[in-house]
>>> print(open('data_6.pdb').read())   # PDB, C-alpha atoms and all ligand atoms
ATOM      1  CA  MET A   1       4.108 -18.828  10.016
ATOM      2  CA  PRO A   2       2.354 -17.402  13.055
ATOM      3  CA  ASP A   3       0.905 -14.462  11.104
ATOM      4  CA  LEU A   4      -1.063 -16.730   8.789
ATOM      5  CA  ILE A   5      -2.733 -18.486  11.721
ATOM      6  CA  LYS A   6      -4.715 -15.360  12.493
ATOM      7  CA  ARG A   7      -6.084 -15.234   8.980
ATOM      8  CA  LYS A   8      -7.741 -17.512   6.515
ATOM      9  CA  TYR A   9      -5.378 -17.978   3.581
ATOM     10  CA  PHE A  10      -6.393 -18.423  -0.058
ATOM     11  CA  GLU A  11      -4.008 -18.901  -2.962
ATOM     12  CA  PHE A  12      -5.113 -18.977  -6.616
ATOM     13  CA  GLU A  13      -3.276 -19.545  -9.872
ATOM     14  CA  GLU A  14      -5.205 -17.085 -11.983
ATOM     15  CA  ILE A  15      -8.031 -14.733 -11.028
ATOM     16  CA  SER A  16      -9.264 -11.339 -12.161
ATOM     17  CA  SER A  17      -7.999  -9.452  -9.122
ATOM     18  CA  THR A  18      -7.126 -10.541  -5.589
ATOM     19  CA  ASN A  19      -9.135  -7.542  -4.362
ATOM     20  CA  ASP A  20     -12.287  -8.900  -6.078
ATOM     21  CA  LEU A  21     -11.906 -12.341  -4.559
ATOM     22  CA  ALA A  22     -10.986 -11.001  -1.129
ATOM     23  CA  ALA A  23     -14.069  -8.771  -1.063
ATOM     24  CA  ARG A  24     -16.309 -11.714  -1.977
ATOM     25  CA  LEU A  25     -14.675 -14.143   0.456
ATOM     26  CA  VAL A  26     -14.992 -11.808   3.411
ATOM     27  CA  GLU A  27     -18.703 -11.384   2.710
ATOM     28  CA  LYS A  28     -18.937 -15.100   3.345
ATOM     29  CA  TYR A  29     -16.454 -15.595   6.197
ATOM     30  CA  LYS A  30     -16.478 -12.239   8.016
ATOM     31  CA  PHE A  31     -12.981 -13.132   9.227
ATOM     32  CA  PRO A  32      -9.518 -11.637   8.528
ATOM     33  CA  LEU A  33      -8.065 -13.224   5.436
ATOM     34  CA  VAL A  34      -5.359 -13.013   2.821
ATOM     35  CA  VAL A  35      -5.711 -13.801  -0.864
ATOM     36  CA  THR A  36      -2.819 -14.220  -3.279
ATOM     37  CA  ALA A  37      -2.646 -15.113  -6.952
ATOM     38  CA  LEU A  38       0.126 -16.104  -9.332
ATOM     39  CA  ARG A  39      -1.566 -14.188 -12.120
ATOM     40  CA  GLN A  40      -4.226 -11.474 -12.267
ATOM     41  CA  THR A  41      -6.112 -10.936 -15.510
ATOM     42  CA  ALA A  42      -7.642  -7.611 -14.439
ATOM     43  CA  GLY A  43      -5.392  -6.201 -11.730
ATOM     44  CA  ARG A  44      -6.551  -2.767 -10.624
ATOM     45  CA  GLY A  45      -4.594   0.264  -9.513
ATOM     46  CA  ARG A  46      -5.721   3.444  -7.785
ATOM     47  CA  ARG A  47      -8.005   5.927  -9.503
ATOM     48  CA  GLY A  48      -9.304   3.521 -12.139
ATOM     49  CA  ARG A  49      -5.922   2.530 -13.524
ATOM     50  CA  SER A  50      -4.927  -1.032 -14.269
ATOM     51  CA  TRP A  51      -2.103  -2.857 -12.496
ATOM     52  CA  ILE A  52       0.073  -4.763 -14.927
ATOM     53  CA  SER A  53       0.390  -8.174 -13.281
ATOM     54  CA  GLN A  54       3.478  -9.995 -14.514
ATOM     55  CA  GLU A  55       3.886 -13.520 -13.164
ATOM     56  CA  GLY A  56       6.485 -13.856 -10.401
ATOM     57  CA  ASN A  57       5.491 -10.593  -8.723
ATOM     58  CA  LEU A  58       3.368 -10.428  -5.580
ATOM     59  CA  PHE A  59      -0.369  -9.781  -5.868
ATOM     60  CA  THR A  60      -2.072 -10.036  -2.542
ATOM     61  CA  SER A  61      -5.032  -8.658  -0.620
ATOM     62  CA  LEU A  62      -5.234  -8.479   3.164
ATOM     63  CA  VAL A  63      -8.675  -8.111   4.642
ATOM     64  CA  PHE A  64      -9.300  -6.639   8.061
ATOM     65  CA  GLU A  65     -12.034  -4.958  10.037
ATOM     66  CA  ALA A  66     -11.695  -1.253  10.851
ATOM     67  CA  GLU A  67     -13.849   1.773  11.399
ATOM     68  CA  LEU A  68     -14.073   4.283   8.583
ATOM     69  CA  LYS A  69     -12.642   7.002  10.832
ATOM     70  CA  ASP A  70      -9.368   5.031  11.112
ATOM     71  CA  LEU A  71      -8.920   4.378   7.430
ATOM     72  CA  GLY A  72      -6.713   7.381   6.655
ATOM     73  CA  GLN A  73      -4.244   6.300   9.338
ATOM     74  CA  LEU A  74      -4.272   2.683   8.165
ATOM     75  CA  VAL A  75      -3.593   3.771   4.579
ATOM     76  CA  ILE A  76      -0.445   5.513   5.841
ATOM     77  CA  LEU A  77       0.464   2.484   7.999
ATOM     78  CA  SER A  78       0.151   0.195   4.962
ATOM     79  CA  GLY A  79       2.788   2.178   3.039
ATOM     80  CA  LEU A  80       5.111   1.963   6.008
ATOM     81  CA  ALA A  81       4.625  -1.822   6.201
ATOM     82  CA  VAL A  82       5.611  -2.224   2.538
ATOM     83  CA  TRP A  83       8.531   0.189   3.016
ATOM     84  CA  ARG A  84       9.846  -2.052   5.802
ATOM     85  CA  THR A  85       9.489  -5.157   3.646
ATOM     86  CA  ILE A  86      11.356  -3.611   0.727
ATOM     87  CA  LYS A  87      14.070  -2.325   3.076
ATOM     88  CA  PHE A  88      14.364  -5.804   4.642
ATOM     89  CA  PHE A  89      15.183  -7.395   1.285
ATOM     90  CA  ALA A  90      17.094  -4.442  -0.194
ATOM     91  CA  PRO A  91      18.777  -2.850   2.839
ATOM     92  CA  ASN A  92      21.080  -0.612   0.809
ATOM     93  CA  ALA A  93      18.386   0.889  -1.374
ATOM     94  CA  ASP A  94      17.146   4.432  -0.845
ATOM     95  CA  VAL A  95      13.500   3.521  -0.239
ATOM     96  CA  GLN A  96      10.873   6.248   0.053
ATOM     97  CA  ILE A  97       7.102   6.450   0.374
ATOM     98  CA  LYS A  98       5.158   8.587  -2.043
ATOM     99  CA  TRP A  99       1.931   9.829  -0.498
ATOM    100  CA  PRO A 100      -0.147   8.077   0.447
ATOM    101  CA  ASN A 101       1.412   4.620   0.125
ATOM    102  CA  ASP A 102       3.423   4.031  -3.060
ATOM    103  CA  VAL A 103       6.890   2.718  -2.366
ATOM    104  CA  MET A 104       9.628   4.200  -4.526
ATOM    105  CA  ILE A 105      13.330   3.705  -5.100
ATOM    106  CA  ASN A 106      15.151   6.648  -6.665
ATOM    107  CA  GLY A 107      11.893   7.836  -8.188
ATOM    108  CA  ALA A 108      10.935   4.396  -9.561
ATOM    109  CA  LYS A 109       7.833   2.673  -8.231
ATOM    110  CA  ILE A 110       8.274  -0.811  -6.766
ATOM    111  CA  SER A 111       4.897  -1.220  -5.045
ATOM    112  CA  GLY A 112       1.371   0.126  -5.003
ATOM    113  CA  ILE A 113      -1.572  -0.377  -2.658
ATOM    114  CA  LEU A 114      -5.288  -0.178  -3.379
ATOM    115  CA  PHE A 115      -7.779   0.031  -0.505
ATOM    116  CA  GLU A 116     -11.383  -0.939  -1.207
ATOM    117  CA  ARG A 117     -14.367  -1.565   1.011
ATOM    118  CA  SER A 118     -16.183  -4.888   1.162
ATOM    119  CA  VAL A 119     -19.170  -5.391   3.452
ATOM    120  CA  ASP A 120     -19.760  -3.453   6.669
ATOM    121  CA  ASN A 121     -16.415  -2.421   8.154
ATOM    122  CA  TRP A 122     -14.351  -5.012   6.280
ATOM    123  CA  TRP A 123     -11.577  -3.449   4.195
ATOM    124  CA  VAL A 124      -9.470  -4.939   1.434
ATOM    125  CA  MET A 125      -5.876  -3.770   1.239
ATOM    126  CA  GLY A 126      -4.533  -4.914  -2.129
ATOM    127  CA  VAL A 127      -0.762  -4.852  -2.475
ATOM    128  CA  GLY A 128       1.324  -5.317  -5.600
ATOM    129  CA  ILE A 129       5.092  -5.675  -5.186
ATOM    130  CA  ASN A 130       7.434  -6.012  -8.151
ATOM    131  CA  ILE A 131       9.668  -8.918  -7.235
ATOM    132  CA  VAL A 132      11.116 -10.349 -10.429
ATOM    133  CA  SER A 133      10.114  -7.787 -13.028
ATOM    134  CA  ALA A 134       8.728  -4.306 -13.479
ATOM    135  CA  PRO A 135       6.462  -3.184 -16.307
ATOM    136  CA  GLU A 136       8.396  -1.172 -18.875
ATOM    137  CA  LYS A 137       5.438   0.385 -20.652
ATOM    138  CA  GLY A 138       1.970   1.555 -19.710
ATOM    139  CA  THR A 139       2.807   3.090 -16.344
ATOM    140  CA  MET A 140       2.792   6.694 -15.183
ATOM    141  CA  TYR A 141       6.142   6.399 -13.374
ATOM    142  CA  PRO A 142       9.438   4.657 -13.947
ATOM    143  CA  THR A 143       9.331   1.257 -12.249
ATOM    144  CA  CYS A 144      11.771  -1.181 -10.654
ATOM    145  CA  SER A 145      11.746  -4.577  -8.954
ATOM    146  CA  LEU A 146      13.488  -6.267  -6.030
ATOM    147  CA  LYS A 147      15.435  -8.323  -8.574
ATOM    148  CA  SER A 148      16.687  -5.171 -10.294
ATOM    149  CA  LEU A 149      18.061  -4.145  -6.888
ATOM    150  CA  GLY A 150      19.957  -7.414  -6.600
ATOM    151  CA  ALA A 151      17.499  -9.150  -4.233
ATOM    152  CA  ASN A 152      16.527 -12.656  -5.345
ATOM    153  CA  VAL A 153      13.612 -13.577  -3.113
ATOM    154  CA  SER A 154      10.487 -15.690  -3.380
ATOM    155  CA  ARG A 155       6.887 -14.466  -3.333
ATOM    156  CA  THR A 156       6.323 -16.449  -0.148
ATOM    157  CA  ASP A 157       9.215 -14.764   1.647
ATOM    158  CA  VAL A 158       7.975 -11.338   0.609
ATOM    159  CA  LEU A 159       4.392 -12.129   1.631
ATOM    160  CA  GLU A 160       5.402 -13.526   5.025
ATOM    161  CA  ASN A 161       7.548 -10.498   5.729
ATOM    162  CA  LEU A 162       4.793  -8.115   4.652
ATOM    163  CA  LEU A 163       2.230  -9.768   6.931
ATOM    164  CA  ALA A 164       4.657  -9.647   9.857
ATOM    165  CA  GLN A 165       5.466  -5.960   9.239
ATOM    166  CA  PHE A 166       1.787  -5.080   8.894
ATOM    167  CA  ASP A 167       0.858  -6.941  12.083
ATOM    168  CA  ASP A 168       3.713  -5.362  14.008
ATOM    169  CA  LEU A 169       2.765  -1.824  12.940
ATOM    170  CA  TYR A 170      -0.931  -2.514  13.461
ATOM    171  CA  GLU A 171      -0.225  -3.645  17.028
ATOM    172  CA  GLN A 172       1.913  -0.549  17.640
ATOM    173  CA  TRP A 173      -0.873   1.654  16.227
ATOM    174  CA  ARG A 174      -3.508  -0.057  18.372
ATOM    175  CA  ARG A 175      -1.441   0.294  21.554
ATOM    176  CA  CYS A 176       0.239   3.670  21.071
ATOM    177  CA  GLY A 177      -1.768   5.527  18.447
ATOM    178  CA  PHE A 178      -0.722   7.257  15.230
ATOM    179  CA  SER A 179       1.982   9.721  16.237
ATOM    180  CA  GLU A 180       5.009   7.358  15.960
ATOM    181  CA  ILE A 181       3.679   5.871  12.732
ATOM    182  CA  LYS A 182       3.240   9.345  11.306
ATOM    183  CA  LYS A 183       6.748  10.392  12.363
ATOM    184  CA  SER A 184       8.255   7.300  10.858
ATOM    185  CA  TRP A 185       6.291   7.795   7.608
ATOM    186  CA  LEU A 186       7.416  11.432   7.351
ATOM    187  CA  ASP A 187      11.100  10.419   7.680
ATOM    188  CA  LYS A 188      10.685   8.411   4.518
ATOM    189  CA  ALA A 189       8.410  10.727   2.571
ATOM    190  CA  TYR A 190       9.246  11.230  -1.094
ATOM    191  CA  LYS A 191       9.754  14.935  -1.868
ATOM    192  CA  GLN A 192       9.231  16.140   1.683
ATOM    193  CA  GLY A 193       9.985  19.862   1.837
ATOM    194  CA  LYS A 194      10.067  20.020  -1.967
ATOM    195  CA  LYS A 195       7.747  21.468  -4.544
ATOM    196  CA  VAL A 196       5.237  18.944  -5.910
ATOM    197  CA  THR A 197       2.219  18.864  -8.165
ATOM    198  CA  VAL A 198      -0.749  16.850  -6.957
ATOM    199  CA  LYS A 199      -2.976  15.781  -9.836
ATOM    200  CA  GLN A 200      -6.655  15.124  -9.176
ATOM    201  CA  ASP A 201      -8.549  14.146 -12.337
ATOM    202  CA  ASP A 202      -8.675  17.349 -14.377
ATOM    203  CA  LYS A 203      -7.345  19.594 -11.586
ATOM    204  CA  SER A 204      -3.918  19.955 -10.102
ATOM    205  CA  LYS A 205      -2.409  21.749  -7.133
ATOM    206  CA  GLU A 206       1.141  22.924  -6.652
ATOM    207  CA  GLY A 207       2.897  23.461  -3.371
ATOM    208  CA  ILE A 208       5.641  22.442  -0.984
ATOM    209  CA  LEU A 209       4.973  19.044   0.593
ATOM    210  CA  LEU A 210       4.964  19.841   4.307
ATOM    211  CA  GLU A 211       3.530  16.872   6.165
ATOM    212  CA  ILE A 212       0.519  14.642   6.695
ATOM    213  CA  ASP A 213      -2.276  15.240   9.159
ATOM    214  CA  ASP A 214      -3.896  12.831  11.609
ATOM    215  CA  ASN A 215      -6.256  11.526   8.933
ATOM    216  CA  GLY A 216      -3.449  10.785   6.510
ATOM    217  CA  GLY A 217      -4.274  13.878   4.418
ATOM    218  CA  LEU A 218      -1.419  15.641   2.639
ATOM    219  CA  ILE A 219      -0.575  19.166   3.798
ATOM    220  CA  LEU A 220       0.847  21.462   1.143
ATOM    221  CA  GLN A 221       2.147  24.991   1.424
ATOM    222  CA  THR A 222       0.575  26.637  -1.613
ATOM    223  CA  GLU A 223       0.417  30.248  -2.717
ATOM    224  CA  ASN A 224      -2.936  30.448  -0.895
ATOM    225  CA  GLY A 225      -1.521  29.225   2.440
ATOM    226  CA  THR A 226      -1.622  25.669   3.789
ATOM    227  CA  GLU A 227      -4.012  23.351   1.977
ATOM    228  CA  ARG A 228      -5.057  19.815   2.684
ATOM    229  CA  VAL A 229      -5.353  17.194  -0.034
ATOM    230  CA  LEU A 230      -7.188  13.903   0.442
ATOM    231  CA  ILE A 231      -7.031  12.350  -3.017
ATOM    232  CA  GLY A 232      -4.537  12.602  -5.842
ATOM    233  CA  ASP A 233      -1.186  11.596  -7.266
ATOM    234  CA  VAL A 234       2.031  13.342  -6.289
ATOM    235  CA  TYR A 235       4.498  14.285  -9.037
TER     236      TYR A 235
HETATM  237  C1  LIG B   1      -1.663   1.552  -7.329
HETATM  238  O1  LIG B   1      -0.503   1.889  -7.085
HETATM  239  O2  LIG B   1      -2.320   2.130  -8.197
HETATM  240  C2  LIG B   1      -2.257   0.418  -6.537
HETATM  241  C3  LIG B   1      -1.916  -0.903  -7.125
HETATM  242  C4  LIG B   1      -2.492  -2.072  -6.341
HETATM  243  C5  LIG B   1      -2.240  -3.379  -7.038
HETATM  244  C6  LIG B   1      -2.645  -4.553  -6.207
HETATM  245  S1  LIG B   1      -2.127  -6.098  -6.895
HETATM  246  C7  LIG B   1      -3.086  -6.959  -5.734
HETATM  247  C8  LIG B   1      -4.384  -6.197  -5.600
HETATM  248  N1  LIG B   1      -5.320  -6.625  -6.629
HETATM  249  C9  LIG B   1      -5.590  -5.642  -7.490
HETATM  250  O3  LIG B   1      -6.352  -5.736  -8.464
HETATM  251  N2  LIG B   1      -4.934  -4.529  -7.142
HETATM  252  C10 LIG B   1      -4.124  -4.721  -5.955
END
>>> encode(input="data_6.pdb", output="structure tokens")
Amino acid sequence: MPDLIKRKYFEFEEISSTNDLAARLVEKYKFPLVVTALRQTAGRGRRGRSWISQEGNLFTSLVFEAELKDLGQLVILSGLAVWRTIKFFAPNADVQIKWPNDVMINGAKISGILFERSVDNWWVMGVGINIVSAPEKGTMYPTCSLKSLGANVSRTDVLENLLAQFDDLYEQWRRCGFSEIKKSWLDKAYKQGKKVTVKQDDKSKEGILLEIDDNGGLILQTENGTERVLIGDVY
């Protein structure tokens, strides 16, 4: 497991959230690390939502150091890494990425990612992947799991693959920059060229999903011209 050698690795049976533990551990170690848990009692999703954490699914947080200016690009890269992992285990599935980094299969969500900051420039990238089950209630989208796609795989296999995909893309990004990553992300973008609504708290914006910019922002063609969106959920 060469990828794990570069990181400290922590596995728990039950914790509140792998993101919480990862943020605390990196304060102490100031070293890249990965935290996983069999169960989360208070799994968090984006924008204050909770992440229903059914045992058997993957709950993990990768911690790395990056400058704030690079975060938008790394958020996009993270979705691509999970896309590759899902495609590896379910090669026949029509896998897409919903901006910025939800992974979807035929409109059903299989994975979500939550970025949070710990100390200094240490970032926590929390990933949930539905492996054996998908929540049926309490979510904003239909959901699915690798098992529902016919892939019977272990959490360890999925985690190892995810770390390898992330490291590979990170290395590519470091050496060659964002343009290939962006192109690859756009190929897989959910609703590209189609009309979407982006909801932001009490506001929403409608437009054609055109592309992403070099900070990972979403570019929409709206009735007012092209507009850039940095936060929100695409419907
Ligand atoms: C989202 O789609 O809203 C993001 C979901 C992120 C869930 C993962 S599970 C592991 C890590 N720990 C958490 O509490 N959240 C992330």
>>> residues_around(input="data_6.pdb", residues="A:Gln200", least_positions_apart="2", cutoff="10 Å", atoms="all atoms listed in the file", output="list of chain:residue names")
A:Arg47, A:Thr197, A:Val198, A:Asp202, A:Lys203, A:Ser204, A:Lys205, A:Val229, A:Leu230, A:Ile231, A:Gly232, A:Asp233, A:Val234
>>> closest_residue(input="data_6.pdb", among="A:Val158, A:Leu210, A:Leu68, A:Ala81", to="A:Glu116", atoms="all atoms listed in the file")
A:Leu68
>>> closest_residue(input="data_6.pdb", among="A:Trp83, A:Phe59, A:Phe178, A:Phe88", to="A:Ile129", atoms="all atoms listed in the file")
A:Phe59
>>> residues_around(input="data_6.pdb", residues="A:Thr18", least_positions_apart="4", cutoff="7 Å", atoms="all atoms listed in the file", output="PyMOL selection string")
chain A and resi 22+35-37+59-61
>>> atom_distance(input="data_6.pdb", atom1="atom CA of A:Gly72", atom2="atom CA of A:Gly217")
7.3 Å
>>> resolve_selection(input="data_6.pdb", expression="the PyMOL selection byres (((chain A and resi 107) around 12) and not hetatm)", output="list in words")
Ala93, Asp94, Val95, Gln96, Ile97, Lys98, Asp102, Val103, Met104, Ile105, Asn106, Ala108, Lys109, Ile110, Ser111, Met140, Tyr141, Pro142, Thr143, Cys144, Ala189, Tyr190, Lys191, Val234 and Tyr235 of chain A
>>> resolve_selection(input="data_6.pdb", expression="the PyMOL selection byres (((chain A and resi 214) around 9) and not hetatm)", output="list in words")
Gly72, Gln73, Phe178, Ser179, Lys182, Ile212, Asp213, Asn215, Gly216 and Gly217 of chain A
>>> residues_around(input="data_6.pdb", residues="A:Ala23", least_positions_apart="2", cutoff="9 Å", atoms="all atoms listed in the file", output="MDAnalysis selection string")
chainID A and resid 18:21 25:27 63 116:119 122:124
>>> axis_aligned_box(input="data_6.pdb", around="stretch 152-162 of chain A", padding_each_side="6 Å", output="JSON")
{"center_x": 10.5, "center_y": -12.3, "center_z": 0.2, "size_x": 24.1, "size_y": 20.3, "size_z": 23.1}
>>> atom_distance(input="data_6.pdb", atom1="atom CA of A:Gly56", atom2="atom CA of A:Ser154")
8.3 Å
>>> resolve_selection(input="data_6.pdb", expression="the PyMOL selection byres (((chain A and resi 220-222) around 10) and not hetatm)", output="MDAnalysis selection string")
chainID A and resid 192:198 205:212 217:219 223:229
>>> closest_residue(input="data_6.pdb", among="A:Val75, A:Ala90, A:Val132, A:Leu114", to="ligand LIG 1 (chain B)", atoms="all atoms listed in the file")
A:Leu114
>>> residues_around(input="data_6.pdb", residues="A:Glu55", least_positions_apart="2", cutoff="10 Å", atoms="all atoms listed in the file", output="list in words")
Glu13, Glu14, Ala37, Leu38, Arg39, Gln40, Ile52, Ser53, Asn57, Leu58, Phe59, Asn130, Ile131, Val132 and Ser133 of chain A
>>> closest_residue(input="data_6.pdb", among="A:Asp70, A:Glu136, A:Glu11, A:Asp120", to="A:Lys30", atoms="only C-alpha atoms")
A:Asp120
>>> closest_residue(input="data_6.pdb", among="A:Asn92, A:Asn121, A:Ser145, A:Thr139", to="ligand LIG 1 (chain B)", atoms="only C-alpha atoms and all ligand atoms")
A:Thr139
>>> atom_distance(input="data_6.pdb", atom1="atom CA of A:Ile86", atom2="atom CA of A:Leu162")
8.9 Å
>>> closest_residue(input="data_6.pdb", among="A:Thr85, A:Asn101, A:Ser184, A:Ser78", to="ligand LIG 1 (chain B)", atoms="all atoms listed in the file")
A:Asn101
